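See below for the structure under consideration.
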Amino acid sequence: MEEDIIEKYKKAGEIAKKVVSFSKDIVKENAKAIDVAEKIENEIVKLGGKPAWPVNISINSIAAHWTPKQNDETVFKKGDVVKIDIGVHVDGYIADTAYTKEIGTNNWKDLIKASEEANKAALDLVKPGVPISEIGKVIEETIKKYGFTPIANLSGHGLNKYETHVPPTIPNFDNKSNLMLEEGMAIAIEPFSTNGVGKVIDAMDSEIFKLEEVKPVRSPVARKILQIIEKEYKTLPFGKRWISKRIGGLGLEIAFRELKRNGVLHNYSVLKEESNGIVSQHEHTILVLDTPIVTTL
Ligand code: MN
Ligand code: MN
């Protein structure tokens, strides 16, 4: 990995670390999710980065891909188990990090500890040549040791310039694969622990989209949206609320439907634990070098 690329990953990580600690104070009882999301995203920009996706705020049985819509009324309640998943990029080089906070109670301390310790144990194993299944194995064992279940159909992943999910897949269980970590990979490791069955399903359409394929589109509003995406977000996920700040009105919904139907945009699904188990997540980004660098820790 070239030195200037390493520096950009490190800068993104430094910003993400500061934003995580900033966010921990504002994720609290009665806070509005939309205010928290916007404060986090503004803080990223203030510190010299860009949001690599709309901050994911996933509450209780929701595991991933929820972000508030514009004018969202969701408020954090006492007892909520909240996952905050933050993406920062510097010239397309991404820091991907997440943590879990229980609001005002302590009922899920061990569940939260399970994903946190699993994440740490996995990071400790990372170096070039390590089988990816060993990472999954230590994650699975750690979470089970606490009496919980890893979510098997959510996984860590490689990162690349302006790309959030590239090979390899980093499993949260021992998948017996003999694929190995290679020098120069940037990867995110993200164990999810649950008291449920350990599987997520699609719950509903998310507010999060991503450019799938550039194609000619008919309506002027759709064309304008596409221009914004190509210029500002490229192949990174973005929120409909980001676009609606710039293009208001009824035309927006129609244009989004057109772009989705034409296969120009991919619409993410909100992922929910199948048996409504409570979900905890911890995540860090690590550069697989001879001396590995955890950019977000
Ligand atoms: Mn993440
Ligand atoms: Mn990730």
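In the structure tokens, the first chain shown is A, the next is B, and so on; residue numbers restart at 1 for each chain, and ligands run from 1 in the order shown.
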
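Around ligand 2, the neighbouring residues within 7 Å, taking only C-alpha atoms and all ligand atoms, come to Asp96, Thr97, Gly156, His157, Ala188, Ile189, Glu190 and Glu283 of chain A.
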
For the interface of chain A with ligand 1 (cut-off 12 Å, counting only C-alpha atoms and all ligand atoms), please tabulate each contacting residue of chain A alongside its nearest pair of atoms and their separation in Å to one decimal, rows sorted by chain and increasing number, as JSON lines.
```
{"residue": "A:Ala16", "atom": "CA", "partner": "ligand 1", "partner_atom_place_in_ligand_line": "1 (Mn)", "distance": 11.2}
{"residue": "A:Pro51", "atom": "CA", "partner": "ligand 1", "partner_atom_place_in_ligand_line": "1 (Mn)", "distance": 11.8}
{"residue": "A:Ala52", "atom": "CA", "partner": "ligand 1", "partner_atom_place_in_ligand_line": "1 (Mn)", "distance": 9.9}
{"residue": "A:Trp53", "atom": "CA", "partner": "ligand 1", "partner_atom_place_in_ligand_line": "1 (Mn)", "distance": 9.3}
{"residue": "A:Pro54", "atom": "CA", "partner": "ligand 1", "partner_atom_place_in_ligand_line": "1 (Mn)", "distance": 10.6}
{"residue": "A:Val55", "atom": "CA", "partner": "ligand 1", "partner_atom_place_in_ligand_line": "1 (Mn)", "distance": 8.9}
{"residue": "A:Asn56", "atom": "CA", "partner": "ligand 1", "partner_atom_place_in_ligand_line": "1 (Mn)", "distance": 7.9}
{"residue": "A:Ile57", "atom": "CA", "partner": "ligand 1", "partner_atom_place_in_ligand_line": "1 (Mn)", "distance": 10.5}
{"residue": "A:Ser58", "atom": "CA", "partner": "ligand 1", "partner_atom_place_in_ligand_line": "1 (Mn)", "distance": 11.2}
{"residue": "A:Ala63", "atom": "CA", "partner": "ligand 1", "partner_atom_place_in_ligand_line": "1 (Mn)", "distance": 10.8}
{"residue": "A:Ala64", "atom": "CA", "partner": "ligand 1", "partner_atom_place_in_ligand_line": "1 (Mn)", "distance": 8.5}
{"residue": "A:His65", "atom": "CA", "partner": "ligand 1", "partner_atom_place_in_ligand_line": "1 (Mn)", "distance": 9.3}
{"residue": "A:Trp66", "atom": "CA", "partner": "ligand 1", "partner_atom_place_in_ligand_line": "1 (Mn)", "distance": 11.8}
{"residue": "A:Lys83", "atom": "CA", "partner": "ligand 1", "partner_atom_place_in_ligand_line": "1 (Mn)", "distance": 9.8}
{"residue": "A:Ile84", "atom": "CA", "partner": "ligand 1", "partner_atom_place_in_ligand_line": "1 (Mn)", "distance": 8.4}
{"residue": "A:Asp85", "atom": "CA", "partner": "ligand 1", "partner_atom_place_in_ligand_line": "1 (Mn)", "distance": 4.8}
{"residue": "A:Ile86", "atom": "CA", "partner": "ligand 1", "partner_atom_place_in_ligand_line": "1 (Mn)", "distance": 6.0}
{"residue": "A:Gly87", "atom": "CA", "partner": "ligand 1", "partner_atom_place_in_ligand_line": "1 (Mn)", "distance": 6.5}
{"residue": "A:Val88", "atom": "CA", "partner": "ligand 1", "partner_atom_place_in_ligand_line": "1 (Mn)", "distance": 10.0}
{"residue": "A:Ile94", "atom": "CA", "partner": "ligand 1", "partner_atom_place_in_ligand_line": "1 (Mn)", "distance": 10.2}
{"residue": "A:Ala95", "atom": "CA", "partner": "ligand 1", "partner_atom_place_in_ligand_line": "1 (Mn)", "distance": 8.5}
{"residue": "A:Asp96", "atom": "CA", "partner": "ligand 1", "partner_atom_place_in_ligand_line": "1 (Mn)", "distance": 4.8}
{"residue": "A:Thr97", "atom": "CA", "partner": "ligand 1", "partner_atom_place_in_ligand_line": "1 (Mn)", "distance": 5.1}
{"residue": "A:Ala98", "atom": "CA", "partner": "ligand 1", "partner_atom_place_in_ligand_line": "1 (Mn)", "distance": 5.6}
{"residue": "A:Tyr99", "atom": "CA", "partner": "ligand 1", "partner_atom_place_in_ligand_line": "1 (Mn)", "distance": 9.2}
{"residue": "A:Thr100", "atom": "CA", "partner": "ligand 1", "partner_atom_place_in_ligand_line": "1 (Mn)", "distance": 11.7}
{"residue": "A:Leu154", "atom": "CA", "partner": "ligand 1", "partner_atom_place_in_ligand_line": "1 (Mn)", "distance": 10.9}
{"residue": "A:Ser155", "atom": "CA", "partner": "ligand 1", "partner_atom_place_in_ligand_line": "1 (Mn)", "distance": 10.0}
{"residue": "A:Gly156", "atom": "CA", "partner": "ligand 1", "partner_atom_place_in_ligand_line": "1 (Mn)", "distance": 8.4}
{"residue": "A:His157", "atom": "CA", "partner": "ligand 1", "partner_atom_place_in_ligand_line": "1 (Mn)", "distance": 9.6}
{"residue": "A:Gly158", "atom": "CA", "partner": "ligand 1", "partner_atom_place_in_ligand_line": "1 (Mn)", "distance": 11.4}
{"residue": "A:Leu159", "atom": "CA", "partner": "ligand 1", "partner_atom_place_in_ligand_line": "1 (Mn)", "distance": 10.8}
{"residue": "A:Thr164", "atom": "CA", "partner": "ligand 1", "partner_atom_place_in_ligand_line": "1 (Mn)", "distance": 8.8}
{"residue": "A:His165", "atom": "CA", "partner": "ligand 1", "partner_atom_place_in_ligand_line": "1 (Mn)", "distance": 10.1}
{"residue": "A:Ile187", "atom": "CA", "partner": "ligand 1", "partner_atom_place_in_ligand_line": "1 (Mn)", "distance": 10.8}
{"residue": "A:Ala188", "atom": "CA", "partner": "ligand 1", "partner_atom_place_in_ligand_line": "1 (Mn)", "distance": 7.5}
{"residue": "A:Ile189", "atom": "CA", "partner": "ligand 1", "partner_atom_place_in_ligand_line": "1 (Mn)", "distance": 8.6}
{"residue": "A:Glu190", "atom": "CA", "partner": "ligand 1", "partner_atom_place_in_ligand_line": "1 (Mn)", "distance": 7.2}
{"residue": "A:Pro191", "atom": "CA", "partner": "ligand 1", "partner_atom_place_in_ligand_line": "1 (Mn)", "distance": 10.3}
{"residue": "A:Phe192", "atom": "CA", "partner": "ligand 1", "partner_atom_place_in_ligand_line": "1 (Mn)", "distance": 11.1}
{"residue": "A:Pro237", "atom": "CA", "partner": "ligand 1", "partner_atom_place_in_ligand_line": "1 (Mn)", "distance": 11.7}
{"residue": "A:Gln281", "atom": "CA", "partner": "ligand 1", "partner_atom_place_in_ligand_line": "1 (Mn)", "distance": 9.1}
{"residue": "A:His282", "atom": "CA", "partner": "ligand 1", "partner_atom_place_in_ligand_line": "1 (Mn)", "distance": 8.5}
{"residue": "A:Glu283", "atom": "CA", "partner": "ligand 1", "partner_atom_place_in_ligand_line": "1 (Mn)", "distance": 6.3}
{"residue": "A:His284", "atom": "CA", "partner": "ligand 1", "partner_atom_place_in_ligand_line": "1 (Mn)", "distance": 7.9}
{"residue": "A:Thr285", "atom": "CA", "partner": "ligand 1", "partner_atom_place_in_ligand_line": "1 (Mn)", "distance": 8.9}
{"residue": "A:Thr296", "atom": "CA", "partner": "ligand 1", "partner_atom_place_in_ligand_line": "1 (Mn)", "distance": 11.3}
```

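With only C-alpha atoms as the basis for measurement, A:Gly239 is the residue among A:Gly239, A:Gly277, A:Gly79, A:Gly249 that approaches Glu41 (chain A) most closely.
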
Could you give me, as an MDAnalysis selection string, the residues within 10 Å of Glu183 (chain A), counting only C-alpha atoms and dropping anything in the same chain fewer than 3 positions from it?
chainID A and resid 1 127:129 180 186 287:292

Could you write out the selected residues, including N, CA and C atoms, as a CSV table (one decimal), in the first residue's frame?
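See out_19.csv below for the written result:
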```
chain,number,residue,atom,x,y,z
A,1,MET,N,0.9,-1.2,0.0
A,1,MET,CA,0.0,0.0,0.0
A,1,MET,C,0.9,1.2,0.0
A,127,LYS,N,-3.0,-10.1,10.5
A,127,LYS,CA,-1.8,-9.9,9.9
A,127,LYS,C,-1.8,-10.6,8.5
A,128,PRO,N,-0.9,-10.2,7.6
A,128,PRO,CA,-0.9,-10.9,6.3
A,128,PRO,C,-0.7,-12.4,6.5
A,129,GLY,N,-1.5,-13.2,5.8
A,129,GLY,CA,-1.3,-14.6,5.8
A,129,GLY,C,-2.2,-15.4,6.8
A,180,MET,N,-7.0,-16.2,2.7
A,180,MET,CA,-6.1,-15.5,3.7
A,180,MET,C,-6.1,-14.0,3.6
A,186,ALA,N,-7.3,-3.2,3.0
A,186,ALA,CA,-8.0,-2.4,4.1
A,186,ALA,C,-9.3,-3.2,4.4
A,287,LEU,N,-5.7,-1.7,8.5
A,287,LEU,CA,-4.9,-1.9,7.3
A,287,LEU,C,-4.0,-3.1,7.6
A,288,VAL,N,-4.1,-4.1,6.7
A,288,VAL,CA,-3.4,-5.3,6.8
A,288,VAL,C,-2.0,-5.1,6.2
A,289,LEU,N,-1.1,-4.7,7.1
A,289,LEU,CA,0.3,-4.4,6.8
A,289,LEU,C,1.2,-5.3,7.7
A,290,ASP,N,2.5,-5.4,7.4
A,290,ASP,CA,3.4,-6.2,8.3
A,290,ASP,C,3.2,-5.8,9.7
A,291,THR,N,3.1,-4.4,9.9
A,291,THR,CA,2.7,-3.9,11.2
A,291,THR,C,1.3,-3.4,11.0
A,292,PRO,N,0.2,-4.1,11.3
A,292,PRO,CA,-1.2,-3.7,11.0
A,292,PRO,C,-1.5,-2.3,11.7
```

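Those residues that approach Lys199 (chain A) to within 9 Å, counting only C-alpha atoms, are Pro150, Ile151, Ala152, Asn153, Leu154, Lys272, Glu273, Glu274 and Ser275 of chain A; same-chain residues fewer than 6 positions away are not listed.
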
Take the residues from that selection and write them out as a PDB file, in the first residue's frame, keeping N, CA, C and O atoms.
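Below you can see result-v4.pdb, which holds the result:
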```pdb
ATOM      1  N   PRO A 150     -23.527 -14.944  17.390  1.00  0.00           N
ATOM      2  CA  PRO A 150     -23.131 -13.980  16.351  1.00  0.00           C
ATOM      3  C   PRO A 150     -24.148 -13.978  15.216  1.00  0.00           C
ATOM      4  O   PRO A 150     -24.775 -15.009  14.949  1.00  0.00           O
ATOM      5  N   ILE A 151     -24.331 -12.850  14.570  1.00  0.00           N
ATOM      6  CA  ILE A 151     -25.216 -12.804  13.401  1.00  0.00           C
ATOM      7  C   ILE A 151     -24.426 -13.284  12.194  1.00  0.00           C
ATOM      8  O   ILE A 151     -23.447 -12.662  11.776  1.00  0.00           O
ATOM      9  N   ALA A 152     -24.854 -14.433  11.669  1.00  0.00           N
ATOM     10  CA  ALA A 152     -24.051 -15.134  10.664  1.00  0.00           C
ATOM     11  C   ALA A 152     -24.143 -14.490   9.283  1.00  0.00           C
ATOM     12  O   ALA A 152     -23.193 -14.578   8.501  1.00  0.00           O
ATOM     13  N   ASN A 153     -25.271 -13.860   8.976  1.00  0.00           N
ATOM     14  CA  ASN A 153     -25.382 -13.269   7.638  1.00  0.00           C
ATOM     15  C   ASN A 153     -25.093 -11.765   7.610  1.00  0.00           C
ATOM     16  O   ASN A 153     -25.524 -11.051   6.706  1.00  0.00           O
ATOM     17  N   LEU A 154     -24.326 -11.300   8.584  1.00  0.00           N
ATOM     18  CA  LEU A 154     -23.695  -9.981   8.496  1.00  0.00           C
ATOM     19  C   LEU A 154     -22.206 -10.206   8.643  1.00  0.00           C
ATOM     20  O   LEU A 154     -21.787 -11.071   9.410  1.00  0.00           O
ATOM     21  N   LYS A 272     -33.137  -6.353  10.081  1.00  0.00           N
ATOM     22  CA  LYS A 272     -33.674  -6.573  11.421  1.00  0.00           C
ATOM     23  C   LYS A 272     -33.399  -8.011  11.830  1.00  0.00           C
ATOM     24  O   LYS A 272     -33.466  -8.923  10.993  1.00  0.00           O
ATOM     25  N   GLU A 273     -33.125  -8.215  13.117  1.00  0.00           N
ATOM     26  CA  GLU A 273     -32.897  -9.577  13.604  1.00  0.00           C
ATOM     27  C   GLU A 273     -34.205 -10.373  13.442  1.00  0.00           C
ATOM     28  O   GLU A 273     -35.279  -9.892  13.819  1.00  0.00           O
ATOM     29  N   GLU A 274     -34.086 -11.556  12.874  1.00  0.00           N
ATOM     30  CA  GLU A 274     -35.272 -12.309  12.465  1.00  0.00           C
ATOM     31  C   GLU A 274     -36.244 -12.595  13.615  1.00  0.00           C
ATOM     32  O   GLU A 274     -37.457 -12.538  13.460  1.00  0.00           O
ATOM     33  N   SER A 275     -35.675 -12.923  14.800  1.00  0.00           N
ATOM     34  CA  SER A 275     -36.537 -13.270  15.933  1.00  0.00           C
ATOM     35  C   SER A 275     -36.731 -12.085  16.884  1.00  0.00           C
ATOM     36  O   SER A 275     -37.078 -12.269  18.053  1.00  0.00           O
TER      37      SER A 275
END
```

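With only C-alpha atoms as the atoms that count, the residue of A:Ile229, A:Met204, A:Ile286, A:Leu123 with the shortest distance to Tyr268 (chain A) is A:Met204.
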
Any chance you could list, as a PyMOL selection string, the residues in region 31-213 of chain A that come up alpha helix (DSSP H) when DSSP is run on the backbone?
chain A and resi 33-46+109-125+132-145

Out of A:His266, A:Lys78, A:Lys145, A:Arg223, which residue has the shortest atom-to-atom distance to Ser115 (chain A) when counting only C-alpha atoms?
A:Lys145

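Residues in contact with Trp242 (chain A) at 12 Å, where only C-alpha atoms are counted and same-chain residues fewer than 3 positions away are skipped, are listed as Ile34, Ala37, Glu38, Glu41, Asn42, Pro51, Trp53, Pro54, Val55, Thr67, Pro68, Lys69, Gln70, Glu207, Ile208, Phe209, Ile225, Ile228, Ile229, Glu232, Tyr233, Pro237, Phe238, Gly239, Lys245, Arg246, Ile247, Gly248 and Leu252 of chain A.
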
Here is a test: counting only C-alpha atoms, which residue of A:Thr105, A:Ser269, A:Ser21, A:Ser133 is nearest to Asn175 (chain A)?
A:Ser133

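Note that the spacing between CA of Pro171 (chain A) and CA of Ile135 (chain A) amounts to 7.4 Å.
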
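The residues of region 207-237 of chain A that DSSP assigns to strand (DSSP E) on this backbone come out as Glu207, Ile208, Phe209, Lys210 and Leu211 of chain A.
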
Which of A:Lys161, A:His89, A:Lys50, A:Lys28 sits closest to Ala12 (chain A) [using only C-alpha atoms]
A:His89

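Shortest separation to Lys24 (chain A) among A:Lys120, A:Lys11, A:Lys39, A:Arg218 occurs at residue A:Lys39, atoms counted being only C-alpha atoms.
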
Taking 2 positions as the minimum chain separation for residues in the same chain, which residues sit within 12 Å of Lys176 (chain A) when counting only C-alpha atoms? Answer as a PyMOL selection string.
chain A and resi 131-137+170-174+178-180

Selected residues written out with N, CA, C and O atoms, as an mmCIF file, in the first residue's frame:
```cif
data_model
loop_
_atom_site.group_PDB
_atom_site.id
_atom_site.type_symbol
_atom_site.label_atom_id
_atom_site.label_comp_id
_atom_site.auth_asym_id
_atom_site.auth_seq_id
_atom_site.Cartn_x
_atom_site.Cartn_y
_atom_site.Cartn_z
ATOM 1 N N PRO A 131 -5.588 -16.960 7.966
ATOM 2 C CA PRO A 131 -6.840 -17.400 7.328
ATOM 3 C C PRO A 131 -8.040 -16.604 7.867
ATOM 4 O O PRO A 131 -8.137 -16.376 9.073
ATOM 5 N N ILE A 132 -8.886 -16.212 6.955
ATOM 6 C CA ILE A 132 -10.048 -15.408 7.314
ATOM 7 C C ILE A 132 -10.991 -16.188 8.246
ATOM 8 O O ILE A 132 -11.630 -15.618 9.132
ATOM 9 N N SER A 133 -11.022 -17.503 8.089
ATOM 10 C CA SER A 133 -11.866 -18.331 8.960
ATOM 11 C C SER A 133 -11.437 -18.229 10.427
ATOM 12 O O SER A 133 -12.262 -18.371 11.330
ATOM 13 N N GLU A 134 -10.123 -17.974 10.660
ATOM 14 C CA GLU A 134 -9.664 -17.847 12.053
ATOM 15 C C GLU A 134 -10.207 -16.592 12.703
ATOM 16 O O GLU A 134 -10.481 -16.567 13.913
ATOM 17 N N ILE A 135 -10.347 -15.543 11.906
ATOM 18 C CA ILE A 135 -10.956 -14.299 12.413
ATOM 19 C C ILE A 135 -12.411 -14.604 12.807
ATOM 20 O O ILE A 135 -12.864 -14.254 13.892
ATOM 21 N N GLY A 136 -13.119 -15.278 11.900
ATOM 22 C CA GLY A 136 -14.510 -15.631 12.175
ATOM 23 C C GLY A 136 -14.627 -16.526 13.405
ATOM 24 O O GLY A 136 -15.551 -16.369 14.213
ATOM 25 N N LYS A 137 -13.675 -17.439 13.531
ATOM 26 C CA LYS A 137 -13.711 -18.392 14.651
ATOM 27 C C LYS A 137 -13.583 -17.668 15.995
ATOM 28 O O LYS A 137 -14.350 -17.943 16.930
ATOM 29 N N ILE A 170 -15.375 -10.865 5.716
ATOM 30 C CA ILE A 170 -14.811 -11.296 7.008
ATOM 31 C C ILE A 170 -15.974 -11.849 7.836
ATOM 32 O O ILE A 170 -16.767 -11.085 8.384
ATOM 33 N N PRO A 171 -16.077 -13.166 7.933
ATOM 34 C CA PRO A 171 -17.259 -13.757 8.570
ATOM 35 C C PRO A 171 -17.269 -13.553 10.088
ATOM 36 O O PRO A 171 -16.219 -13.349 10.699
ATOM 37 N N ASN A 172 -18.448 -13.623 10.664
ATOM 38 C CA ASN A 172 -18.590 -13.531 12.114
ATOM 39 C C ASN A 172 -18.740 -14.910 12.758
ATOM 40 O O ASN A 172 -19.213 -15.050 13.874
ATOM 41 N N PHE A 173 -18.309 -15.937 11.992
ATOM 42 C CA PHE A 173 -18.307 -17.318 12.502
ATOM 43 C C PHE A 173 -17.232 -18.065 11.721
ATOM 44 O O PHE A 173 -16.715 -17.558 10.708
ATOM 45 N N ASP A 174 -16.886 -19.248 12.169
ATOM 46 C CA ASP A 174 -15.865 -20.040 11.484
ATOM 47 C C ASP A 174 -16.469 -20.630 10.213
ATOM 48 O O ASP A 174 -17.205 -21.610 10.256
ATOM 49 N N ASN A 178 -10.413 -21.229 3.358
ATOM 50 C CA ASN A 178 -8.954 -21.124 3.492
ATOM 51 C C ASN A 178 -8.389 -19.859 2.836
ATOM 52 O O ASN A 178 -7.199 -19.734 2.627
ATOM 53 N N LEU A 179 -9.283 -18.914 2.530
ATOM 54 C CA LEU A 179 -8.821 -17.601 2.070
ATOM 55 C C LEU A 179 -7.981 -16.947 3.156
ATOM 56 O O LEU A 179 -8.249 -17.120 4.343
ATOM 57 N N MET A 180 -6.992 -16.175 2.730
ATOM 58 C CA MET A 180 -6.128 -15.519 3.719
ATOM 59 C C MET A 180 -6.141 -14.010 3.567
ATOM 60 O O MET A 180 -6.365 -13.479 2.484
#
```

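Pairwise distance (CA of Gly184 (chain A), CA of Asp124 (chain A)) equals 17.0 Å.
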